[in-house]
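Have a look at work00.pdb; it's PDB, C-alpha atoms:
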```pdb
ATOM      1  CA  MET A   1      -8.141  23.525 -22.757
ATOM      2  CA  THR A   2     -10.031  24.638 -25.891
ATOM      3  CA  VAL A   3     -10.078  21.936 -28.582
ATOM      4  CA  PRO A   4     -12.673  21.486 -31.355
ATOM      5  CA  ALA A   5     -15.327  18.943 -30.414
ATOM      6  CA  VAL A   6     -14.496  16.702 -33.361
ATOM      7  CA  GLU A   7     -10.854  16.454 -32.230
ATOM      8  CA  VAL A   8     -11.952  15.623 -28.692
ATOM      9  CA  GLU A   9     -14.207  12.865 -29.989
ATOM     10  CA  LEU A  10     -11.419  11.395 -32.131
ATOM     11  CA  ALA A  11      -9.023  11.586 -29.189
ATOM     12  CA  TYR A  12     -11.422   9.707 -26.927
ATOM     13  CA  ARG A  13     -11.957   7.121 -29.637
ATOM     14  CA  ALA A  14      -8.201   6.536 -29.834
ATOM     15  CA  CYS A  15      -8.041   6.082 -26.045
ATOM     16  CA  GLU A  16     -10.967   3.663 -26.080
ATOM     17  CA  ASP A  17      -9.226   1.629 -28.784
ATOM     18  CA  ILE A  18      -6.112   1.406 -26.607
ATOM     19  CA  THR A  19      -8.177   0.406 -23.583
ATOM     20  CA  ARG A  20     -10.150  -2.230 -25.467
ATOM     21  CA  ARG A  21      -6.943  -3.717 -26.883
ATOM     22  CA  GLU A  22      -4.673  -3.551 -23.836
ATOM     23  CA  ALA A  23      -6.782  -3.493 -20.669
ATOM     24  CA  ALA A  24      -7.281  -7.168 -19.943
ATOM     25  CA  ASN A  25      -9.127  -6.589 -16.645
ATOM     26  CA  PHE A  26      -9.840  -2.856 -16.532
ATOM     27  CA  TYR A  27     -12.066  -2.863 -19.609
ATOM     28  CA  TYR A  28     -14.665  -5.222 -18.178
ATOM     29  CA  GLY A  29     -15.521  -2.727 -15.450
ATOM     30  CA  ILE A  30     -15.554   0.507 -17.417
ATOM     31  CA  ARG A  31     -17.978  -0.908 -19.994
ATOM     32  CA  LEU A  32     -20.627  -0.615 -17.269
ATOM     33  CA  LEU A  33     -20.257   3.183 -17.033
ATOM     34  CA  PRO A  34     -22.189   5.873 -18.924
ATOM     35  CA  ARG A  35     -20.454   7.155 -22.051
ATOM     36  CA  ASP A  36     -18.802  10.294 -20.648
ATOM     37  CA  LYS A  37     -17.321   8.453 -17.673
ATOM     38  CA  ARG A  38     -16.252   5.532 -19.836
ATOM     39  CA  GLN A  39     -14.428   7.931 -22.145
ATOM     40  CA  ALA A  40     -12.674   9.643 -19.240
ATOM     41  CA  MET A  41     -11.601   6.307 -17.756
ATOM     42  CA  SER A  42     -10.204   5.307 -21.147
ATOM     43  CA  ALA A  43      -8.171   8.518 -21.273
ATOM     44  CA  VAL A  44      -6.708   7.795 -17.838
ATOM     45  CA  TYR A  45      -5.928   4.215 -18.816
ATOM     46  CA  ALA A  46      -4.330   5.202 -22.137
ATOM     47  CA  PHE A  47      -1.980   7.606 -20.372
ATOM     48  CA  ALA A  48      -1.163   5.083 -17.635
ATOM     49  CA  ARG A  49      -0.526   2.388 -20.263
ATOM     50  CA  ARG A  50       1.892   4.632 -22.120
ATOM     51  CA  VAL A  51       3.830   5.532 -18.988
ATOM     52  CA  ASP A  52       3.946   1.896 -17.890
ATOM     53  CA  ASP A  53       5.182   0.828 -21.328
ATOM     54  CA  ILE A  54       8.093   3.259 -21.038
ATOM     55  CA  GLY A  55       9.204   1.437 -17.904
ATOM     56  CA  ASP A  56       8.728  -2.010 -19.432
ATOM     57  CA  ARG A  57      10.321  -1.602 -22.855
ATOM     58  CA  ASP A  58      13.924  -2.469 -23.612
ATOM     59  CA  GLY A  59      16.457   0.314 -23.417
ATOM     60  CA  GLU A  60      18.886   2.144 -21.205
ATOM     61  CA  PRO A  61      17.534   3.644 -17.957
ATOM     62  CA  ALA A  62      18.699   7.123 -18.939
ATOM     63  CA  GLY A  63      16.583   7.027 -22.089
ATOM     64  CA  LYS A  64      13.537   5.788 -20.187
ATOM     65  CA  LEU A  65      13.921   8.504 -17.559
ATOM     66  CA  ALA A  66      14.159  11.119 -20.302
ATOM     67  CA  ARG A  67      10.914   9.860 -21.859
ATOM     68  CA  LEU A  68       9.219   9.962 -18.462
ATOM     69  CA  ASP A  69      10.371  13.570 -18.116
ATOM     70  CA  GLY A  70       8.683  14.191 -21.461
ATOM     71  CA  GLU A  71       5.419  12.841 -20.072
ATOM     72  CA  ARG A  72       5.785  15.143 -17.061
ATOM     73  CA  ALA A  73       6.225  18.072 -19.412
ATOM     74  CA  MET A  74       3.022  17.180 -21.260
ATOM     75  CA  LEU A  75       1.143  17.002 -17.964
ATOM     76  CA  ALA A  76       2.513  20.430 -17.112
ATOM     77  CA  SER A  77       1.127  21.720 -20.408
ATOM     78  CA  LEU A  78      -2.337  20.591 -19.299
ATOM     79  CA  SER A  79      -1.936  22.439 -16.013
ATOM     80  CA  SER A  80      -0.894  25.660 -17.748
ATOM     81  CA  GLY A  81      -4.418  26.360 -19.021
ATOM     82  CA  ASN A  82      -5.596  27.390 -22.448
ATOM     83  CA  ASP A  83      -2.298  28.371 -24.033
ATOM     84  CA  ARG A  84      -3.203  28.443 -27.707
ATOM     85  CA  SER A  85       0.375  29.328 -28.663
ATOM     86  CA  HIS A  86       1.320  25.737 -27.748
ATOM     87  CA  PRO A  87      -1.554  23.584 -29.031
ATOM     88  CA  ILE A  88      -1.655  19.950 -27.920
ATOM     89  CA  ALA A  89      -1.614  17.456 -30.777
ATOM     90  CA  ASP A  90      -1.304  14.221 -28.806
ATOM     91  CA  PRO A  91      -4.737  12.479 -28.778
ATOM     92  CA  VAL A  92      -4.165  10.932 -25.350
ATOM     93  CA  MET A  93      -3.339  14.330 -23.868
ATOM     94  CA  ILE A  94      -6.290  15.958 -25.643
ATOM     95  CA  ALA A  95      -8.644  13.378 -24.129
ATOM     96  CA  LEU A  96      -6.969  13.611 -20.733
ATOM     97  CA  GLY A  97      -7.207  17.399 -20.760
ATOM     98  CA  HIS A  98     -10.888  17.290 -21.640
ATOM     99  CA  ALA A  99     -11.519  14.706 -18.909
ATOM    100  CA  ARG A 100      -9.599  16.892 -16.453
ATOM    101  CA  ASP A 101     -11.859  19.847 -17.243
ATOM    102  CA  ARG A 102     -15.016  17.728 -17.095
ATOM    103  CA  PHE A 103     -14.294  15.726 -13.935
ATOM    104  CA  GLY A 104     -11.652  17.734 -12.088
ATOM    105  CA  LEU A 105      -9.016  15.033 -12.426
ATOM    106  CA  PRO A 106      -6.158  15.492  -9.935
ATOM    107  CA  LEU A 107      -3.174  15.728 -12.281
ATOM    108  CA  ASP A 108      -0.805  15.308  -9.329
ATOM    109  CA  ALA A 109      -2.032  11.695  -9.192
ATOM    110  CA  LEU A 110      -0.722  11.170 -12.725
ATOM    111  CA  GLU A 111       2.618  12.606 -11.636
ATOM    112  CA  LEU A 112       2.689  10.048  -8.811
ATOM    113  CA  LEU A 113       2.192   7.338 -11.421
ATOM    114  CA  ILE A 114       5.311   8.576 -13.212
ATOM    115  CA  ASP A 115       7.160   8.571  -9.866
ATOM    116  CA  GLY A 116       6.268   4.905  -9.436
ATOM    117  CA  VAL A 117       7.435   3.934 -12.911
ATOM    118  CA  GLU A 118      10.697   5.771 -12.245
ATOM    119  CA  LEU A 119      11.210   3.451  -9.275
ATOM    120  CA  ASP A 120      10.795   0.522 -11.679
ATOM    121  CA  VAL A 121      13.316   1.989 -14.115
ATOM    122  CA  ARG A 122      15.811   2.372 -11.277
ATOM    123  CA  GLU A 123      15.095  -1.270 -10.268
ATOM    124  CA  THR A 124      14.215  -0.221  -6.758
ATOM    125  CA  SER A 125      13.748  -2.998  -4.228
ATOM    126  CA  TYR A 126      11.874  -2.778  -0.929
ATOM    127  CA  GLU A 127      13.147  -3.672   2.492
ATOM    128  CA  THR A 128       9.822  -3.366   4.299
ATOM    129  CA  PHE A 129       6.149  -3.709   3.464
ATOM    130  CA  ASP A 130       5.620  -0.028   4.288
ATOM    131  CA  GLU A 131       8.136   0.885   1.587
ATOM    132  CA  LEU A 132       6.297  -1.341  -0.884
ATOM    133  CA  VAL A 133       3.000   0.359  -0.005
ATOM    134  CA  VAL A 134       4.478   3.731  -1.000
ATOM    135  CA  TYR A 135       5.260   2.296  -4.443
ATOM    136  CA  CYS A 136       1.777   0.762  -4.717
ATOM    137  CA  ARG A 137       0.184   4.092  -3.828
ATOM    138  CA  ASP A 138       2.209   5.762  -6.582
ATOM    139  CA  VAL A 139       1.408   3.356  -9.416
ATOM    140  CA  ALA A 140      -2.085   2.190  -8.436
ATOM    141  CA  GLY A 141      -3.505   4.236  -5.581
ATOM    142  CA  SER A 142      -3.086   7.242  -7.853
ATOM    143  CA  ILE A 143      -5.283   5.552 -10.468
ATOM    144  CA  GLY A 144      -7.846   4.832  -7.777
ATOM    145  CA  ARG A 145      -8.073   8.529  -6.933
ATOM    146  CA  LEU A 146      -8.456   9.440 -10.608
ATOM    147  CA  CYS A 147     -11.237   6.875 -10.997
ATOM    148  CA  LEU A 148     -13.002   8.253  -7.934
ATOM    149  CA  ALA A 149     -12.942  11.760  -9.405
ATOM    150  CA  ILE A 150     -14.680  10.387 -12.507
ATOM    151  CA  PHE A 151     -17.179   8.317 -10.535
ATOM    152  CA  SER A 152     -18.126  11.283  -8.339
ATOM    153  CA  ASP A 153     -18.119  13.995 -11.032
ATOM    154  CA  GLY A 154     -15.164  15.683  -9.351
ATOM    155  CA  HIS A 155     -16.669  15.580  -5.844
ATOM    156  CA  SER A 156     -14.479  12.978  -4.177
ATOM    157  CA  GLY A 157     -15.174  14.188  -0.657
ATOM    158  CA  ASP A 158     -13.453  12.258   2.106
ATOM    159  CA  HIS A 159     -13.309   8.974   0.216
ATOM    160  CA  GLN A 160      -9.966   9.245  -1.567
ATOM    161  CA  SER A 161      -8.268   6.992   0.970
ATOM    162  CA  LEU A 162     -10.714   4.187   0.125
ATOM    163  CA  ALA A 163      -9.958   4.484  -3.594
ATOM    164  CA  ASP A 164      -6.276   4.497  -2.712
ATOM    165  CA  ASP A 165      -6.699   1.311  -0.641
ATOM    166  CA  LEU A 166      -8.329  -0.488  -3.572
ATOM    167  CA  GLY A 167      -5.491   0.558  -5.856
ATOM    168  CA  VAL A 168      -2.940  -0.817  -3.385
ATOM    169  CA  ALA A 169      -4.906  -4.077  -3.086
ATOM    170  CA  MET A 170      -4.953  -4.607  -6.853
ATOM    171  CA  GLN A 171      -1.259  -3.768  -7.195
ATOM    172  CA  LEU A 172      -0.347  -6.229  -4.438
ATOM    173  CA  THR A 173      -2.319  -8.842  -6.378
ATOM    174  CA  ASN A 174      -0.380  -7.963  -9.540
ATOM    175  CA  ILE A 175       2.895  -8.332  -7.668
ATOM    176  CA  LEU A 176       2.010 -11.832  -6.479
ATOM    177  CA  ARG A 177       0.664 -12.903  -9.859
ATOM    178  CA  ASP A 178       3.784 -11.685 -11.698
ATOM    179  CA  VAL A 179       6.446 -12.580  -9.129
ATOM    180  CA  ARG A 180       8.265 -15.031 -11.409
ATOM    181  CA  GLU A 181       8.096 -12.840 -14.517
ATOM    182  CA  ASP A 182       9.203  -9.721 -12.633
ATOM    183  CA  TYR A 183      12.208 -11.500 -11.149
ATOM    184  CA  ALA A 184      13.259 -12.625 -14.629
ATOM    185  CA  ASN A 185      13.151  -8.951 -15.662
ATOM    186  CA  GLY A 186      15.320  -7.868 -12.736
ATOM    187  CA  ARG A 187      12.582  -6.593 -10.468
ATOM    188  CA  VAL A 188      11.883  -7.728  -6.910
ATOM    189  CA  TYR A 189       8.815  -6.321  -5.191
ATOM    190  CA  LEU A 190       8.332  -8.717  -2.281
ATOM    191  CA  PRO A 191       9.751  -7.058   0.856
ATOM    192  CA  ALA A 192      13.225  -8.289   1.750
ATOM    193  CA  GLU A 193      12.233  -8.630   5.410
ATOM    194  CA  ASP A 194       9.428 -11.016   4.418
ATOM    195  CA  LEU A 195      11.726 -13.111   2.253
ATOM    196  CA  ARG A 196      14.107 -13.478   5.201
ATOM    197  CA  ARG A 197      11.281 -14.206   7.613
ATOM    198  CA  PHE A 198      10.142 -17.166   5.515
ATOM    199  CA  GLY A 199      13.655 -18.347   4.688
ATOM    200  CA  CYS A 200      13.564 -17.456   0.973
ATOM    201  CA  ALA A 201      16.714 -16.267  -0.785
ATOM    202  CA  ALA A 202      14.838 -14.915  -3.830
ATOM    203  CA  PRO A 203      11.221 -14.617  -5.090
ATOM    204  CA  PRO A 204      11.393 -17.773  -7.267
ATOM    205  CA  GLU A 205      12.014 -19.689  -4.064
ATOM    206  CA  ALA A 206       9.015 -18.113  -2.318
ATOM    207  CA  SER A 207       7.359 -20.604   0.008
ATOM    208  CA  CYS A 208       3.647 -21.284  -0.001
ATOM    209  CA  GLU A 209       3.504 -19.769   3.481
ATOM    210  CA  LEU A 210       5.034 -16.508   2.236
ATOM    211  CA  ILE A 211       2.627 -16.269  -0.719
ATOM    212  CA  ARG A 212      -0.377 -16.906   1.517
ATOM    213  CA  PHE A 213       0.914 -14.324   3.982
ATOM    214  CA  GLU A 214       1.158 -11.660   1.279
ATOM    215  CA  ALA A 215      -2.226 -12.680  -0.181
ATOM    216  CA  ALA A 216      -3.832 -12.190   3.224
ATOM    217  CA  ARG A 217      -2.367  -8.691   3.348
ATOM    218  CA  ALA A 218      -3.813  -7.860  -0.041
ATOM    219  CA  ARG A 219      -7.203  -9.175   1.050
ATOM    220  CA  GLU A 220      -7.154  -6.797   4.028
ATOM    221  CA  TRP A 221      -6.634  -3.847   1.676
ATOM    222  CA  PHE A 222      -9.571  -5.022  -0.447
ATOM    223  CA  ASP A 223     -11.772  -5.353   2.641
ATOM    224  CA  ARG A 224     -11.066  -1.747   3.664
ATOM    225  CA  GLY A 225     -11.276  -0.229   0.209
ATOM    226  CA  LEU A 226     -14.533  -1.886  -0.813
ATOM    227  CA  ALA A 227     -16.373   0.381   1.630
ATOM    228  CA  LEU A 228     -16.134   2.819  -1.291
ATOM    229  CA  VAL A 229     -18.927   0.943  -3.069
ATOM    230  CA  ASP A 230     -21.455   2.180  -0.498
ATOM    231  CA  VAL A 231     -20.933   5.833  -1.437
ATOM    232  CA  LEU A 232     -21.047   5.473  -5.236
ATOM    233  CA  ASP A 233     -23.942   5.538  -7.678
ATOM    234  CA  ALA A 234     -25.114   2.166  -8.961
ATOM    235  CA  ARG A 235     -23.201   2.096 -12.250
ATOM    236  CA  SER A 236     -19.956   3.331 -10.702
ATOM    237  CA  ALA A 237     -20.331   0.793  -7.899
ATOM    238  CA  SER A 238     -20.848  -2.002 -10.423
ATOM    239  CA  CYS A 239     -17.706  -0.868 -12.268
ATOM    240  CA  VAL A 240     -15.668  -1.056  -9.062
ATOM    241  CA  LEU A 241     -17.110  -4.457  -8.166
ATOM    242  CA  ALA A 242     -16.382  -5.810 -11.646
ATOM    243  CA  MET A 243     -12.734  -4.669 -11.639
ATOM    244  CA  THR A 244     -12.023  -5.695  -8.071
ATOM    245  CA  GLY A 245     -13.977  -8.930  -8.515
ATOM    246  CA  ILE A 246     -11.566 -10.068 -11.212
ATOM    247  CA  TYR A 247      -8.547  -9.267  -9.066
ATOM    248  CA  ARG A 248     -10.042 -10.860  -5.967
ATOM    249  CA  ARG A 249     -10.775 -14.027  -7.918
ATOM    250  CA  ILE A 250      -7.132 -14.137  -9.051
ATOM    251  CA  LEU A 251      -6.002 -13.517  -5.475
ATOM    252  CA  ASP A 252      -8.190 -16.364  -4.222
ATOM    253  CA  ARG A 253      -6.601 -18.735  -6.731
ATOM    254  CA  ILE A 254      -3.128 -17.617  -5.700
ATOM    255  CA  ALA A 255      -3.939 -18.272  -2.038
ATOM    256  CA  LEU A 256      -5.449 -21.661  -2.899
ATOM    257  CA  GLU A 257      -2.481 -22.826  -4.988
ATOM    258  CA  PRO A 258       0.427 -20.524  -4.099
ATOM    259  CA  ASP A 259       3.045 -22.649  -5.803
ATOM    260  CA  GLU A 260       1.210 -22.275  -9.126
ATOM    261  CA  ILE A 261       2.432 -18.676  -9.626
ATOM    262  CA  LEU A 262       6.012 -19.957  -9.665
ATOM    263  CA  ARG A 263       5.165 -22.060 -12.741
ATOM    264  CA  ARG A 264       2.838 -19.835 -14.747
ATOM    265  CA  ARG A 265       0.948 -16.539 -14.801
ATOM    266  CA  ILE A 266      -2.530 -16.971 -13.372
ATOM    267  CA  SER A 267      -5.323 -15.313 -15.354
ATOM    268  CA  LEU A 268      -9.064 -15.701 -15.833
ATOM    269  CA  PRO A 269     -10.717 -16.796 -19.083
ATOM    270  CA  VAL A 270     -12.779 -14.212 -20.963
ATOM    271  CA  TRP A 271     -16.082 -15.879 -20.079
ATOM    272  CA  GLU A 272     -15.305 -15.681 -16.360
ATOM    273  CA  LYS A 273     -14.402 -11.992 -16.519
ATOM    274  CA  ALA A 274     -17.630 -11.268 -18.397
ATOM    275  CA  TRP A 275     -19.588 -13.299 -15.854
ATOM    276  CA  LEU A 276     -18.047 -11.376 -12.939
ATOM    277  CA  ALA A 277     -18.899  -8.072 -14.621
ATOM    278  CA  ALA A 278     -22.499  -9.153 -15.233
ATOM    279  CA  ARG A 279     -22.836 -10.422 -11.680
ATOM    280  CA  SER A 280     -21.551  -7.130 -10.255
ATOM    281  CA  LEU A 281     -24.132  -5.173 -12.276
ATOM    282  CA  ALA A 282     -26.959  -7.489 -11.254
ATOM    283  CA  GLY A 283     -25.863  -7.408  -7.617
ATOM    284  CA  VAL A 284     -25.861  -3.609  -7.415
ATOM    285  CA  ARG A 285     -29.247  -3.345  -9.126
ATOM    286  CA  SER A 286     -30.757  -5.840  -6.711
TER     287      SER A 286
END
```

Would you mind writing the structure in this file as C-alpha cells?
Amino acid sequence: MTVPAVEVELAYRACEDITRREAANFYYGIRLLPRDKRQAMSAVYAFARRVDDIGDRDGEPAGKLARLDGERAMLASLSSGNDRSHPIADPVMIALGHARDRFGLPLDALELLIDGVELDVRETSYETFDELVVYCRDVAGSIGRLCLAIFSDGHSGDHQSLADDLGVAMQLTNILRDVREDYANGRVYLPAEDLRRFGCAAPPEASCELIRFEAARAREWFDRGLALVDVLDARSASCVLAMTGIYRRILDRIALEPDEILRRRISLPVWEKAWLAARSLAGVRS
C-alpha cells in the first residue's frame, strides 16, 4: 500500500492516541517497545478497539453485523494490494496497512477477531469449555498472533500457538472479571456444563468453587503461553511480561476473593500497573 510518509505518520499518531486513551492494560506493555513496533501495536489495538466497540454499542444486531461486514471489506482492501483507484482514507486502516507491509501481519487473524465479535452480537452462549476456547482464540488468540508477528519482525516461526495460548489466558481472565457486567448485558460466557456442575443457575450465582476452578484453568493457559518469553528479544519479552503481569495479578485477586467479582469489577490502580511494567523490564534486563 503506497501512502505518503506524512499520512502514515499522522495515521499512526491517531492510533497511538486511541491506544493511550482506551487501552487500560495494553498500553503499559507496548510503551516498552521500540517506536516502529509500538506504532504497529497501536494500529492493531485501534482496529481491535473499533471492532469491539461495534459489538458493545447499543443498536439492533442487524445493524451491528452490517458494520462488521464493512470492517471485513476494509480488510479486503488491504489484501488487494496497491490499488490506487480506491485510495484508503481511514487513518486506522492506513496505519494497519503500513504495519502489515512492515511486519507481515496475518490479516486472517483480524478476520477471526471479527468472527468473535459476531458471536457476541448474536449473543452466543457456550455449552462446553472447548466451545468457549474457540471464541477466546477468535477474539484474543488472534491478537496474540498479530503481536508475535510484530515482536519477531514477521518471522513467527513455530511459536504462534504460544501467542495464541496467552491470548486465551487473558480473555479467560476478562471473562471472570466481567462476569456480572456481561450477564447484565445479556452475555453468558461461562460454560453451561460448568454452571451445572457447580449447581449455579446463572453467572451471578457463581459459587466461589466455580470461580476458582475457572481461574485455575486460565492460569494453566498462562503457564503454557509464557514459554514465548524465552524466544523473544528483551524489549518484546518485557512487553509480554508487563501485559500478562497485569492480567495475572487480576486473576490472582479473583482466585483469592472470588465472591468479589460478583459485587464489583476488579482492576489495578495506575501505580501498580506502572510498577509491574517497570519490574518486567528490570527482570528481563537482569

Report as a list in words the full result of the PyMOL selection byres ((chain A and resi 258) around 10) when it is applied to this structure.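 Against this file, the PyMOL selection byres ((chain A and resi 258) around 10) returns the residues Leu176, Arg177, Ala206, Ser207, Cys208, Glu209, Leu210, Ile211, Arg212, Ala215, Leu251, Asp252, Arg253, Ile254, Ala255, Leu256, Glu257, Asp259, Glu260, Ile261, Leu262 and Arg263 of chain A.
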
Would you output that residue set with C-alpha atoms, as a short mmCIF file (atom, residue, chain, number, x, y, z; two decimals), in the frame of the given file?
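The file below, part_34.cif, is the result:
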```cif
data_model
loop_
_atom_site.label_atom_id
_atom_site.label_comp_id
_atom_site.auth_asym_id
_atom_site.auth_seq_id
_atom_site.Cartn_x
_atom_site.Cartn_y
_atom_site.Cartn_z
CA LEU A 176 2.01 -11.83 -6.48
CA ARG A 177 0.66 -12.90 -9.86
CA ALA A 206 9.02 -18.11 -2.32
CA SER A 207 7.36 -20.60 0.01
CA CYS A 208 3.65 -21.28 0.00
CA GLU A 209 3.50 -19.77 3.48
CA LEU A 210 5.03 -16.51 2.24
CA ILE A 211 2.63 -16.27 -0.72
CA ARG A 212 -0.38 -16.91 1.52
CA ALA A 215 -2.23 -12.68 -0.18
CA LEU A 251 -6.00 -13.52 -5.48
CA ASP A 252 -8.19 -16.36 -4.22
CA ARG A 253 -6.60 -18.74 -6.73
CA ILE A 254 -3.13 -17.62 -5.70
CA ALA A 255 -3.94 -18.27 -2.04
CA LEU A 256 -5.45 -21.66 -2.90
CA GLU A 257 -2.48 -22.83 -4.99
CA ASP A 259 3.04 -22.65 -5.80
CA GLU A 260 1.21 -22.28 -9.13
CA ILE A 261 2.43 -18.68 -9.63
CA LEU A 262 6.01 -19.96 -9.66
CA ARG A 263 5.16 -22.06 -12.74
#
```

For Leu32 (chain A), work out the shell of residues within 8 Å, counting only C-alpha atoms and skipping chain neighbours fewer than 2 positions away, then give it as a ChimeraX atom specification. /A:28-30,34,38,235-236,238-239,281

Any chance you could resolve the PyMOL selection byres ((chain A and resi 135) around 12) against this file and give the residues as a PyMOL selection string? chain A and resi 112-120+123-126+128-134+136-142+164+167-168+171-172+175+189-191

Tell me, in Å to one decimal, how far CA of Arg264 (chain A) is from CA of Glu181 (chain A).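 CA of Arg264 (chain A) sits 8.8 Å away from CA of Glu181 (chain A).
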
Counting all atoms listed in the file, what are the residues of region 78-157 of chain A within 12 Å of region 21-26 of chain A, and for each of them which pair of atoms is the nearest and at what distance in Å, to one decimal? Sort the table by chain and rising number, as JSON lines.
```
{"residue": "A:Ile143", "atom": "CA", "partner": "A:Phe26", "partner_atom": "CA", "distance": 11.3}
{"residue": "A:Gly144", "atom": "CA", "partner": "A:Phe26", "partner_atom": "CA", "distance": 11.8}
{"residue": "A:Cys147", "atom": "CA", "partner": "A:Phe26", "partner_atom": "CA", "distance": 11.3}
```

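The closest residue to His159 (chain A), picked from A:Pro269, A:Gly59, A:Gly245, A:Gly225 and counting only C-alpha atoms, is A:Gly225.
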
For CA of Leu276 (chain A) and CA of Ala234 (chain A), quote the distance in Å rounded to one decimal.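 CA of Ala234 (chain A) lies 15.8 Å from CA of Leu276 (chain A).
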
Applying the PyMOL selection byres ((chain A and resi 8-16) around 10) to the file I just gave you, which residues come out? Please list them as a short mmCIF file (atom, residue, chain, number, x, y, z; two decimals) with C-alpha atoms, in the coordinates of the input.
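Output file expr.cif is given in full below:
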```cif
data_model
loop_
_atom_site.label_atom_id
_atom_site.label_comp_id
_atom_site.auth_asym_id
_atom_site.auth_seq_id
_atom_site.Cartn_x
_atom_site.Cartn_y
_atom_site.Cartn_z
CA THR A 2 -10.03 24.64 -25.89
CA VAL A 3 -10.08 21.94 -28.58
CA PRO A 4 -12.67 21.49 -31.36
CA ALA A 5 -15.33 18.94 -30.41
CA VAL A 6 -14.50 16.70 -33.36
CA GLU A 7 -10.85 16.45 -32.23
CA ASP A 17 -9.23 1.63 -28.78
CA ILE A 18 -6.11 1.41 -26.61
CA THR A 19 -8.18 0.41 -23.58
CA ARG A 20 -10.15 -2.23 -25.47
CA ARG A 21 -6.94 -3.72 -26.88
CA GLU A 22 -4.67 -3.55 -23.84
CA ALA A 23 -6.78 -3.49 -20.67
CA TYR A 27 -12.07 -2.86 -19.61
CA ASP A 36 -18.80 10.29 -20.65
CA ARG A 38 -16.25 5.53 -19.84
CA GLN A 39 -14.43 7.93 -22.14
CA ALA A 40 -12.67 9.64 -19.24
CA MET A 41 -11.60 6.31 -17.76
CA SER A 42 -10.20 5.31 -21.15
CA ALA A 43 -8.17 8.52 -21.27
CA VAL A 44 -6.71 7.80 -17.84
CA TYR A 45 -5.93 4.22 -18.82
CA ALA A 46 -4.33 5.20 -22.14
CA PHE A 47 -1.98 7.61 -20.37
CA ALA A 89 -1.61 17.46 -30.78
CA ASP A 90 -1.30 14.22 -28.81
CA PRO A 91 -4.74 12.48 -28.78
CA VAL A 92 -4.16 10.93 -25.35
CA MET A 93 -3.34 14.33 -23.87
CA ILE A 94 -6.29 15.96 -25.64
CA ALA A 95 -8.64 13.38 -24.13
CA LEU A 96 -6.97 13.61 -20.73
CA GLY A 97 -7.21 17.40 -20.76
CA HIS A 98 -10.89 17.29 -21.64
CA ALA A 99 -11.52 14.71 -18.91
#
```

Go through A:Glu214, A:Asp194, A:Glu220, A:Asp153 and flag the residue nearest Asp101 (chain A), using all atoms listed in the file for the distances. A:Asp153

Rounded to one decimal, what separation in Å do you get between CA of Arg249 (chain A) and CA of Met170 (chain A)?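 Between these atoms lies a distance of 11.1 Å.
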
Would you please work out which residue, of A:Leu110, A:Val179, A:Val121, A:Leu33, is nearest to Asp58 (chain A) when using all atoms listed in the file?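 Among A:Leu110, A:Val179, A:Val121, A:Leu33, it is A:Val121 that comes nearest to Asp58 (chain A).
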
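Closest approach to Leu166 (chain A) from the set A:Phe103, A:Tyr247, A:Trp221, A:Trp271 is made by A:Trp221, with distances taken over all atoms listed in the file.
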
Minimum-distance residue to Asn174 (chain A), chosen among A:Cys200, A:Leu195, A:Leu148, A:Arg265 (using all atoms listed in the file):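 Of A:Cys200, A:Leu195, A:Leu148, A:Arg265, the one nearest Asn174 (chain A) is A:Arg265, counting all atoms listed in the file.
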
Complete region 36-47 of chain A with N, CA and C atoms (output as a PDB file, in the frame of the given file).
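The resulting file, result-v1.pdb, is shown below:
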```
ATOM      1  N   ASP A  36     -19.783   9.267 -20.981  1.00  0.00           N
ATOM      2  CA  ASP A  36     -18.802  10.294 -20.648  1.00  0.00           C
ATOM      3  C   ASP A  36     -17.784   9.792 -19.630  1.00  0.00           C
ATOM      4  N   LYS A  37     -18.247   8.994 -18.669  1.00  0.00           N
ATOM      5  CA  LYS A  37     -17.321   8.453 -17.673  1.00  0.00           C
ATOM      6  C   LYS A  37     -16.460   7.349 -18.274  1.00  0.00           C
ATOM      7  N   ARG A  38     -17.037   6.572 -19.159  1.00  0.00           N
ATOM      8  CA  ARG A  38     -16.252   5.532 -19.836  1.00  0.00           C
ATOM      9  C   ARG A  38     -15.143   6.159 -20.672  1.00  0.00           C
ATOM     10  N   GLN A  39     -15.443   7.245 -21.350  1.00  0.00           N
ATOM     11  CA  GLN A  39     -14.428   7.931 -22.145  1.00  0.00           C
ATOM     12  C   GLN A  39     -13.307   8.463 -21.257  1.00  0.00           C
ATOM     13  N   ALA A  40     -13.681   9.085 -20.140  1.00  0.00           N
ATOM     14  CA  ALA A  40     -12.674   9.643 -19.240  1.00  0.00           C
ATOM     15  C   ALA A  40     -11.787   8.549 -18.655  1.00  0.00           C
ATOM     16  N   MET A  41     -12.389   7.423 -18.289  1.00  0.00           N
ATOM     17  CA  MET A  41     -11.601   6.307 -17.756  1.00  0.00           C
ATOM     18  C   MET A  41     -10.650   5.772 -18.815  1.00  0.00           C
ATOM     19  N   SER A  42     -11.082   5.760 -20.067  1.00  0.00           N
ATOM     20  CA  SER A  42     -10.204   5.307 -21.147  1.00  0.00           C
ATOM     21  C   SER A  42      -9.031   6.255 -21.324  1.00  0.00           C
ATOM     22  N   ALA A  43      -9.266   7.554 -21.165  1.00  0.00           N
ATOM     23  CA  ALA A  43      -8.171   8.518 -21.273  1.00  0.00           C
ATOM     24  C   ALA A  43      -7.142   8.295 -20.173  1.00  0.00           C
ATOM     25  N   VAL A  44      -7.622   8.068 -18.955  1.00  0.00           N
ATOM     26  CA  VAL A  44      -6.708   7.795 -17.838  1.00  0.00           C
ATOM     27  C   VAL A  44      -5.925   6.519 -18.105  1.00  0.00           C
ATOM     28  N   TYR A  45      -6.618   5.470 -18.555  1.00  0.00           N
ATOM     29  CA  TYR A  45      -5.928   4.215 -18.816  1.00  0.00           C
ATOM     30  C   TYR A  45      -4.893   4.370 -19.924  1.00  0.00           C
ATOM     31  N   ALA A  46      -5.252   5.061 -21.005  1.00  0.00           N
ATOM     32  CA  ALA A  46      -4.330   5.202 -22.137  1.00  0.00           C
ATOM     33  C   ALA A  46      -3.050   5.903 -21.711  1.00  0.00           C
ATOM     34  N   PHE A  47      -3.185   6.934 -20.867  1.00  0.00           N
ATOM     35  CA  PHE A  47      -1.980   7.606 -20.372  1.00  0.00           C
ATOM     36  C   PHE A  47      -1.180   6.674 -19.469  1.00  0.00           C
TER      37      PHE A  47
END
```
